[in-house]
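This report refers to the structure that appears directly beneath it.
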Amino acid sequence: MTRLIEPQPGILDITLYQGGASHVQGVDNVIKLSSNENPFGAPESAKTAFAKAAHNLHRYPNTDHTALRTAIAEVHGLDASRVICGVGSDEIITFLCQAYAGVGDEVIYTEHGFSMYKISARAAGATPICVPEHERVVNVDAILAACNENTKLIFIANPANPTGTMIGQREIARLASEIPSHTLLVLDGAYAEFVEGFDGGAALVEARDNVVMTRTFSKIYGLGGVRVGWGYGPQEIIDVLNRVRGPFNLSEPQLAAAEAAVKDRDWVEKCREDNTRLRAWLAEALMELGIPSDTSCANFILARFLNEEEAGACDEFLKENGIIVRRVSGYGLPNCLRITVGDEASCRRVAHTIGRFREAQVGV
Ligand SMILES: *Cc1c(COP(=O)(O)O)cnc(C)c1O
């Protein structure tokens, strides 16, 4: 029989997103360092707010997210009317592609860029265009060279995942000022809170009409399981995104937990300081074992091994010893492992275990 029921163009080209594993068969006491989650969990303030919201599960949630948007705007010094909240920042990325890119349009992402950019571009029927990086760092000139009359969106994570590298505000500003006038630049600030004093690109959004910033509650706020993210941009663009946003995209427990978390500035500060200290310790410990990494600006380290075989063998060894990290071959980094910065005990355990892997390698 001829098949007449067909999905929209691009859908069958989507490669499914690979989440970080969380179990190892036959191993107890596993530590999961594969999804860049906060090792300390969610703040108590957010858990309390989430539990309290359970009293109203029969009520439809608020549709305009005023309380959460106001809290975000106050904390970051932004205009609340230009904040949009979504089911993770993934949903903001989806809205952007849905609203601004379709069949025949191009969406630029970079060589080792986050996989959701490509997935969302294809889901919208657009063509994802992969632009080379320079030594695992986003290259503005390469992006500019790839722009043409069909380029609708450019996605850059700064700091980037899975490389952990960052480019300077001047480079980002140059990119924003030199892209075509029909192109929107999206700055994904999922890891912005880990960089002290960094605004994630908010000032550039304010200064221009072609830049949108996305942020998430999944990383430093420890709410990955709750699924809340937000975007900030020019009013006309946010108004467009709100037209494709479902009116009840976020539930009341989600809204309540995120609002409590964003107001919990002591928590954010503490988590950033712990991350900075433990990240430096872990990078140094790996370096001493002969495993280099680029200076990371996020809550993970991209450990570089000699080759794909060695990275794979180390991953297996870690797994056998109850430690789950992330292989990043799908990101064009087959010789690397991405290791989330855990709490102190986890950092010590992962470094110690990689040390044992090294010893086994040289046959001591
Ligand atoms: C984790 C991550 C996100 C966040 O996704 P959510 O949908 O908000 O959980 C966005 N961008 C990058 C680069 C990430 O690593």
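Each chain in the structure tokens gets a letter, A, B and so on, in the order shown; residues start at 1 in every chain, and ligands are counted from 1 in the order they appear.
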Would you mind listing the residues within 9 Å of ligand 1, counting only C-alpha atoms and all ligand atoms, as a PDB file with N, CA and C atoms, in the first residue's frame?
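Okay, pocket.pdb is ready:
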ATOM      1  N   SER A  35      24.910  15.128  33.384  1.00  0.00           N
ATOM      2  CA  SER A  35      23.889  16.060  32.871  1.00  0.00           C
ATOM      3  C   SER A  35      24.020  17.481  33.410  1.00  0.00           C
ATOM      4  N   ASN A  36      25.171  17.804  33.971  1.00  0.00           N
ATOM      5  CA  ASN A  36      25.431  19.169  34.462  1.00  0.00           C
ATOM      6  C   ASN A  36      24.398  19.660  35.474  1.00  0.00           C
ATOM      7  N   GLU A  37      23.932  18.699  36.296  1.00  0.00           N
ATOM      8  CA  GLU A  37      22.962  19.057  37.331  1.00  0.00           C
ATOM      9  C   GLU A  37      23.678  19.623  38.553  1.00  0.00           C
ATOM     10  N   GLY A  86       9.285  29.472  29.664  1.00  0.00           N
ATOM     11  CA  GLY A  86       8.961  28.255  28.923  1.00  0.00           C
ATOM     12  C   GLY A  86       9.321  26.993  29.682  1.00  0.00           C
ATOM     13  N   VAL A  87       8.932  25.874  29.107  1.00  0.00           N
ATOM     14  CA  VAL A  87       9.223  24.557  29.662  1.00  0.00           C
ATOM     15  C   VAL A  87      10.705  24.259  29.395  1.00  0.00           C
ATOM     16  N   GLY A  88      11.539  24.758  30.269  1.00  0.00           N
ATOM     17  CA  GLY A  88      12.984  24.726  30.038  1.00  0.00           C
ATOM     18  C   GLY A  88      13.325  25.770  28.994  1.00  0.00           C
ATOM     19  N   SER A  89      14.625  26.092  28.887  1.00  0.00           N
ATOM     20  CA  SER A  89      14.968  27.006  27.792  1.00  0.00           C
ATOM     21  C   SER A  89      14.818  26.289  26.459  1.00  0.00           C
ATOM     22  N   ASP A  90      14.760  24.955  26.501  1.00  0.00           N
ATOM     23  CA  ASP A  90      14.492  24.196  25.271  1.00  0.00           C
ATOM     24  C   ASP A  90      13.220  24.698  24.583  1.00  0.00           C
ATOM     25  N   GLU A  91      12.217  25.016  25.400  1.00  0.00           N
ATOM     26  CA  GLU A  91      10.969  25.463  24.771  1.00  0.00           C
ATOM     27  C   GLU A  91      11.130  26.847  24.144  1.00  0.00           C
ATOM     28  N   ILE A  92      11.954  27.688  24.724  1.00  0.00           N
ATOM     29  CA  ILE A  92      12.191  29.013  24.131  1.00  0.00           C
ATOM     30  C   ILE A  92      12.910  28.834  22.784  1.00  0.00           C
ATOM     31  N   ILE A  93      13.853  27.892  22.754  1.00  0.00           N
ATOM     32  CA  ILE A  93      14.561  27.587  21.497  1.00  0.00           C
ATOM     33  C   ILE A  93      13.548  27.094  20.450  1.00  0.00           C
ATOM     34  N   GLY A 113      28.279  22.754  19.088  1.00  0.00           N
ATOM     35  CA  GLY A 113      27.136  23.410  19.751  1.00  0.00           C
ATOM     36  C   GLY A 113      26.106  22.425  20.293  1.00  0.00           C
ATOM     37  N   PHE A 114      25.320  22.897  21.227  1.00  0.00           N
ATOM     38  CA  PHE A 114      24.259  22.143  21.902  1.00  0.00           C
ATOM     39  C   PHE A 114      23.301  21.533  20.863  1.00  0.00           C
ATOM     40  N   SER A 115      22.935  20.252  21.077  1.00  0.00           N
ATOM     41  CA  SER A 115      22.201  19.528  20.030  1.00  0.00           C
ATOM     42  C   SER A 115      20.762  20.001  19.811  1.00  0.00           C
ATOM     43  N   MET A 116      20.177  20.703  20.795  1.00  0.00           N
ATOM     44  CA  MET A 116      18.788  21.125  20.616  1.00  0.00           C
ATOM     45  C   MET A 116      18.613  22.151  19.497  1.00  0.00           C
ATOM     46  N   TYR A 117      19.671  22.888  19.160  1.00  0.00           N
ATOM     47  CA  TYR A 117      19.540  23.893  18.086  1.00  0.00           C
ATOM     48  C   TYR A 117      19.192  23.202  16.766  1.00  0.00           C
ATOM     49  N   ILE A 156      24.177  30.553  19.777  1.00  0.00           N
ATOM     50  CA  ILE A 156      25.487  30.419  20.425  1.00  0.00           C
ATOM     51  C   ILE A 156      25.259  30.268  21.931  1.00  0.00           C
ATOM     52  N   ALA A 157      25.849  29.253  22.524  1.00  0.00           N
ATOM     53  CA  ALA A 157      25.818  29.156  23.980  1.00  0.00           C
ATOM     54  C   ALA A 157      27.116  29.769  24.501  1.00  0.00           C
ATOM     55  N   ASN A 158      26.985  30.638  25.491  1.00  0.00           N
ATOM     56  CA  ASN A 158      28.150  31.334  26.037  1.00  0.00           C
ATOM     57  C   ASN A 158      27.978  31.482  27.554  1.00  0.00           C
ATOM     58  N   PRO A 159      28.694  30.696  28.377  1.00  0.00           N
ATOM     59  CA  PRO A 159      29.625  29.615  28.054  1.00  0.00           C
ATOM     60  C   PRO A 159      28.942  28.504  27.254  1.00  0.00           C
ATOM     61  N   ALA A 160      29.770  27.767  26.496  1.00  0.00           N
ATOM     62  CA  ALA A 160      29.246  26.742  25.610  1.00  0.00           C
ATOM     63  C   ALA A 160      29.210  25.369  26.279  1.00  0.00           C
ATOM     64  N   ASN A 161      28.314  24.540  25.795  1.00  0.00           N
ATOM     65  CA  ASN A 161      28.206  23.150  26.209  1.00  0.00           C
ATOM     66  C   ASN A 161      28.348  22.302  24.949  1.00  0.00           C
ATOM     67  N   PRO A 162      29.202  21.300  24.881  1.00  0.00           N
ATOM     68  CA  PRO A 162      29.971  20.687  25.968  1.00  0.00           C
ATOM     69  C   PRO A 162      31.419  21.174  26.124  1.00  0.00           C
ATOM     70  N   ASP A 188      22.505  31.754  24.250  1.00  0.00           N
ATOM     71  CA  ASP A 188      22.025  30.779  25.220  1.00  0.00           C
ATOM     72  C   ASP A 188      22.899  30.898  26.473  1.00  0.00           C
ATOM     73  N   GLY A 189      22.291  31.406  27.534  1.00  0.00           N
ATOM     74  CA  GLY A 189      23.038  31.640  28.775  1.00  0.00           C
ATOM     75  C   GLY A 189      22.755  30.594  29.842  1.00  0.00           C
ATOM     76  N   ALA A 190      22.622  29.339  29.431  1.00  0.00           N
ATOM     77  CA  ALA A 190      22.299  28.270  30.392  1.00  0.00           C
ATOM     78  C   ALA A 190      23.300  28.216  31.547  1.00  0.00           C
ATOM     79  N   TYR A 191      24.562  28.612  31.262  1.00  0.00           N
ATOM     80  CA  TYR A 191      25.615  28.527  32.284  1.00  0.00           C
ATOM     81  C   TYR A 191      26.087  29.907  32.746  1.00  0.00           C
ATOM     82  N   THR A 214      18.560  33.437  26.143  1.00  0.00           N
ATOM     83  CA  THR A 214      17.788  32.396  26.837  1.00  0.00           C
ATOM     84  C   THR A 214      18.511  31.998  28.118  1.00  0.00           C
ATOM     85  N   ARG A 215      17.736  31.650  29.134  1.00  0.00           N
ATOM     86  CA  ARG A 215      18.301  31.239  30.425  1.00  0.00           C
ATOM     87  C   ARG A 215      17.512  30.045  30.964  1.00  0.00           C
ATOM     88  N   THR A 216      18.070  29.391  31.967  1.00  0.00           N
ATOM     89  CA  THR A 216      17.404  28.191  32.478  1.00  0.00           C
ATOM     90  C   THR A 216      17.459  28.085  34.001  1.00  0.00           C
ATOM     91  N   PHE A 217      16.496  27.354  34.544  1.00  0.00           N
ATOM     92  CA  PHE A 217      16.507  27.003  35.966  1.00  0.00           C
ATOM     93  C   PHE A 217      17.090  25.598  36.168  1.00  0.00           C
ATOM     94  N   SER A 218      17.552  24.982  35.080  1.00  0.00           N
ATOM     95  CA  SER A 218      17.980  23.577  35.162  1.00  0.00           C
ATOM     96  C   SER A 218      19.392  23.389  35.700  1.00  0.00           C
ATOM     97  N   LYS A 219      20.221  24.420  35.653  1.00  0.00           N
ATOM     98  CA  LYS A 219      21.618  24.224  35.987  1.00  0.00           C
ATOM     99  C   LYS A 219      21.918  24.745  37.392  1.00  0.00           C
ATOM    100  N   LEU A 223      16.960  22.819  39.223  1.00  0.00           N
ATOM    101  CA  LEU A 223      15.559  22.480  38.946  1.00  0.00           C
ATOM    102  C   LEU A 223      15.390  21.795  37.582  1.00  0.00           C
ATOM    103  N   GLY A 224      16.386  21.018  37.179  1.00  0.00           N
ATOM    104  CA  GLY A 224      16.312  20.352  35.874  1.00  0.00           C
ATOM    105  C   GLY A 224      15.064  19.491  35.717  1.00  0.00           C
ATOM    106  N   GLY A 225      14.629  18.877  36.815  1.00  0.00           N
ATOM    107  CA  GLY A 225      13.458  18.002  36.758  1.00  0.00           C
ATOM    108  C   GLY A 225      12.147  18.756  36.710  1.00  0.00           C
ATOM    109  N   VAL A 226      12.189  20.041  36.992  1.00  0.00           N
ATOM    110  CA  VAL A 226      10.951  20.832  37.044  1.00  0.00           C
ATOM    111  C   VAL A 226      10.631  21.466  35.687  1.00  0.00           C
ATOM    112  N   ARG A 227      11.661  21.705  34.877  1.00  0.00           N
ATOM    113  CA  ARG A 227      11.534  22.210  33.512  1.00  0.00           C
ATOM    114  C   ARG A 227      11.032  23.652  33.452  1.00  0.00           C
ATOM    115  N   VAL A 228      11.881  24.590  33.777  1.00  0.00           N
ATOM    116  CA  VAL A 228      11.562  26.006  33.575  1.00  0.00           C
ATOM    117  C   VAL A 228      12.777  26.729  32.989  1.00  0.00           C
ATOM    118  N   GLY A 229      12.516  27.543  31.981  1.00  0.00           N
ATOM    119  CA  GLY A 229      13.542  28.403  31.404  1.00  0.00           C
ATOM    120  C   GLY A 229      12.887  29.713  31.007  1.00  0.00           C
ATOM    121  N   TRP A 230      13.687  30.651  30.541  1.00  0.00           N
ATOM    122  CA  TRP A 230      13.100  31.930  30.126  1.00  0.00           C
ATOM    123  C   TRP A 230      13.926  32.575  29.028  1.00  0.00           C
TER     124      TRP A 230
END
Which residues are near range 1-10 of chain A? Cut-off 6 Å, only C-alpha atoms, ignore same chain within fewer than 3 positions. Put them as a tab-separated table (two decimals) with N, CA and C atoms, in the first residue's frame.
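Wrote out_14.tsv, looks like this:
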chain	number	residue	atom	x	y	z
A	13	ASP	N	14.46	13.61	9.68
A	13	ASP	CA	15.91	13.81	9.72
A	13	ASP	C	16.41	14.08	11.14
A	122	ARG	N	15.29	21.59	12.60
A	122	ARG	CA	14.70	20.58	11.73
A	122	ARG	C	13.21	20.42	12.01
A	125	GLY	N	11.28	22.62	10.09
A	125	GLY	CA	11.41	22.47	8.63
A	125	GLY	C	12.59	23.21	8.05
Discussion item. Could you list, as a PyMOL selection string, every residue within 12 Å of Cys314 in chain A, counting only C-alpha atoms and ignoring same-chain residues fewer than 3 positions away?
Written reply: chain A and resi 291+303-311+317-321+323-327+335-339+350-351+353-361
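Taking only C-alpha atoms, the non-local environment of Thr295 in chain A within 10 Å (same-chain residues fewer than 4 positions away omitted) comprises A:Thr163, A:Gly164, A:Thr165, A:Met166, A:Arg279, A:Ala280, A:Ala283, A:Ile301, A:Leu302.
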Keeping only all heavy atoms, write the selected residues to a file as a PDB file, in the first residue's frame.
ATOM      1  N   THR A 163      31.808  22.268  25.479  1.00  0.00           N
ATOM      2  CA  THR A 163      33.223  22.649  25.577  1.00  0.00           C
ATOM      3  C   THR A 163      33.559  23.418  26.853  1.00  0.00           C
ATOM      4  O   THR A 163      34.683  23.361  27.326  1.00  0.00           O
ATOM      5  CB  THR A 163      33.634  23.524  24.366  1.00  0.00           C
ATOM      6  OG1 THR A 163      32.789  24.678  24.336  1.00  0.00           O
ATOM      7  CG2 THR A 163      33.525  22.758  23.068  1.00  0.00           C
ATOM      8  N   GLY A 164      32.591  24.179  27.385  1.00  0.00           N
ATOM      9  CA  GLY A 164      32.851  24.991  28.576  1.00  0.00           C
ATOM     10  C   GLY A 164      33.564  26.294  28.270  1.00  0.00           C
ATOM     11  O   GLY A 164      33.841  27.083  29.172  1.00  0.00           O
ATOM     12  N   THR A 165      33.872  26.528  26.987  1.00  0.00           N
ATOM     13  CA  THR A 165      34.600  27.754  26.636  1.00  0.00           C
ATOM     14  C   THR A 165      33.633  28.919  26.435  1.00  0.00           C
ATOM     15  O   THR A 165      32.428  28.733  26.296  1.00  0.00           O
ATOM     16  CB  THR A 165      35.417  27.562  25.330  1.00  0.00           C
ATOM     17  OG1 THR A 165      34.517  27.243  24.260  1.00  0.00           O
ATOM     18  CG2 THR A 165      36.452  26.455  25.490  1.00  0.00           C
ATOM     19  N   MET A 166      34.215  30.121  26.410  1.00  0.00           N
ATOM     20  CA  MET A 166      33.413  31.336  26.292  1.00  0.00           C
ATOM     21  C   MET A 166      34.083  32.276  25.311  1.00  0.00           C
ATOM     22  O   MET A 166      35.300  32.222  25.136  1.00  0.00           O
ATOM     23  CB  MET A 166      33.433  32.021  27.660  1.00  0.00           C
ATOM     24  CG  MET A 166      32.090  32.329  28.219  1.00  0.00           C
ATOM     25  SD  MET A 166      32.261  33.171  29.776  1.00  0.00           S
ATOM     26  CE  MET A 166      31.030  34.430  29.477  1.00  0.00           C
ATOM     27  N   ARG A 279      35.776  23.065  40.528  1.00  0.00           N
ATOM     28  CA  ARG A 279      36.138  22.946  39.107  1.00  0.00           C
ATOM     29  C   ARG A 279      37.655  23.112  38.940  1.00  0.00           C
ATOM     30  O   ARG A 279      38.296  22.355  38.219  1.00  0.00           O
ATOM     31  CB  ARG A 279      35.386  24.009  38.310  1.00  0.00           C
ATOM     32  CG  ARG A 279      35.639  23.985  36.820  1.00  0.00           C
ATOM     33  CD  ARG A 279      34.860  25.090  36.129  1.00  0.00           C
ATOM     34  NE  ARG A 279      35.305  26.408  36.556  1.00  0.00           N
ATOM     35  CZ  ARG A 279      34.589  27.532  36.433  1.00  0.00           C
ATOM     36  NH1 ARG A 279      33.386  27.499  35.908  1.00  0.00           N
ATOM     37  NH2 ARG A 279      35.073  28.674  36.852  1.00  0.00           N
ATOM     38  N   ALA A 280      38.206  24.102  39.627  1.00  0.00           N
ATOM     39  CA  ALA A 280      39.652  24.336  39.548  1.00  0.00           C
ATOM     40  C   ALA A 280      40.403  23.131  40.108  1.00  0.00           C
ATOM     41  O   ALA A 280      41.396  22.672  39.526  1.00  0.00           O
ATOM     42  CB  ALA A 280      40.023  25.602  40.320  1.00  0.00           C
ATOM     43  N   ALA A 283      40.099  20.166  37.565  1.00  0.00           N
ATOM     44  CA  ALA A 283      40.896  20.396  36.346  1.00  0.00           C
ATOM     45  C   ALA A 283      42.375  20.154  36.645  1.00  0.00           C
ATOM     46  O   ALA A 283      43.097  19.526  35.868  1.00  0.00           O
ATOM     47  CB  ALA A 283      40.672  21.809  35.824  1.00  0.00           C
ATOM     48  N   ILE A 301      33.708  19.906  33.131  1.00  0.00           N
ATOM     49  CA  ILE A 301      35.031  19.974  32.508  1.00  0.00           C
ATOM     50  C   ILE A 301      35.024  19.039  31.315  1.00  0.00           C
ATOM     51  O   ILE A 301      34.487  17.925  31.390  1.00  0.00           O
ATOM     52  CB  ILE A 301      36.114  19.569  33.532  1.00  0.00           C
ATOM     53  CG1 ILE A 301      36.357  20.745  34.485  1.00  0.00           C
ATOM     54  CG2 ILE A 301      37.403  19.155  32.847  1.00  0.00           C
ATOM     55  CD1 ILE A 301      37.245  20.398  35.638  1.00  0.00           C
ATOM     56  N   LEU A 302      35.589  19.488  30.213  1.00  0.00           N
ATOM     57  CA  LEU A 302      35.711  18.639  29.032  1.00  0.00           C
ATOM     58  C   LEU A 302      37.119  18.053  29.046  1.00  0.00           C
ATOM     59  O   LEU A 302      38.085  18.721  28.664  1.00  0.00           O
ATOM     60  CB  LEU A 302      35.466  19.441  27.758  1.00  0.00           C
ATOM     61  CG  LEU A 302      35.448  18.605  26.482  1.00  0.00           C
ATOM     62  CD1 LEU A 302      34.196  17.721  26.426  1.00  0.00           C
ATOM     63  CD2 LEU A 302      35.513  19.494  25.243  1.00  0.00           C
TER      64      LEU A 302
END
Response to the item:
note - CA of Tyr100 in chain A and CA of Glu252 in chain A are separated by 28.8 Å
Worksheet entry | Length of the CA of Asn148 in chain A to CA of Glu178 in chain A vector [Å] | 12.0 Å
Practice prompt. Within range 3-238 of chain A, find each residue whose DSSP state, derived from the backbone, is alpha helix (DSSP H), and express the selection as number ranges by chain.
Written response: A: 44-52, 66-76, 88-100, 115-123, 140-146, 169-178, 202-207, 235-238
Fill in: Computed interatomic separation between CA of Asn299 in chain A and CA of Ala67 in chain A (Å)
28.5 Å
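The nearest approach to Lys118 in chain A among the residues A:Arg277, A:Cys130, A:Arg174, A:Ala345, with only C-alpha atoms taken into account, belongs to A:Cys130.
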Practice prompt. Point out the residue among A:Ala173, A:Val27, A:Leu184, A:Ala21 with the least atom-to-atom distance to Asn210 in chain A, counting only C-alpha atoms.
Written response: A:Leu184
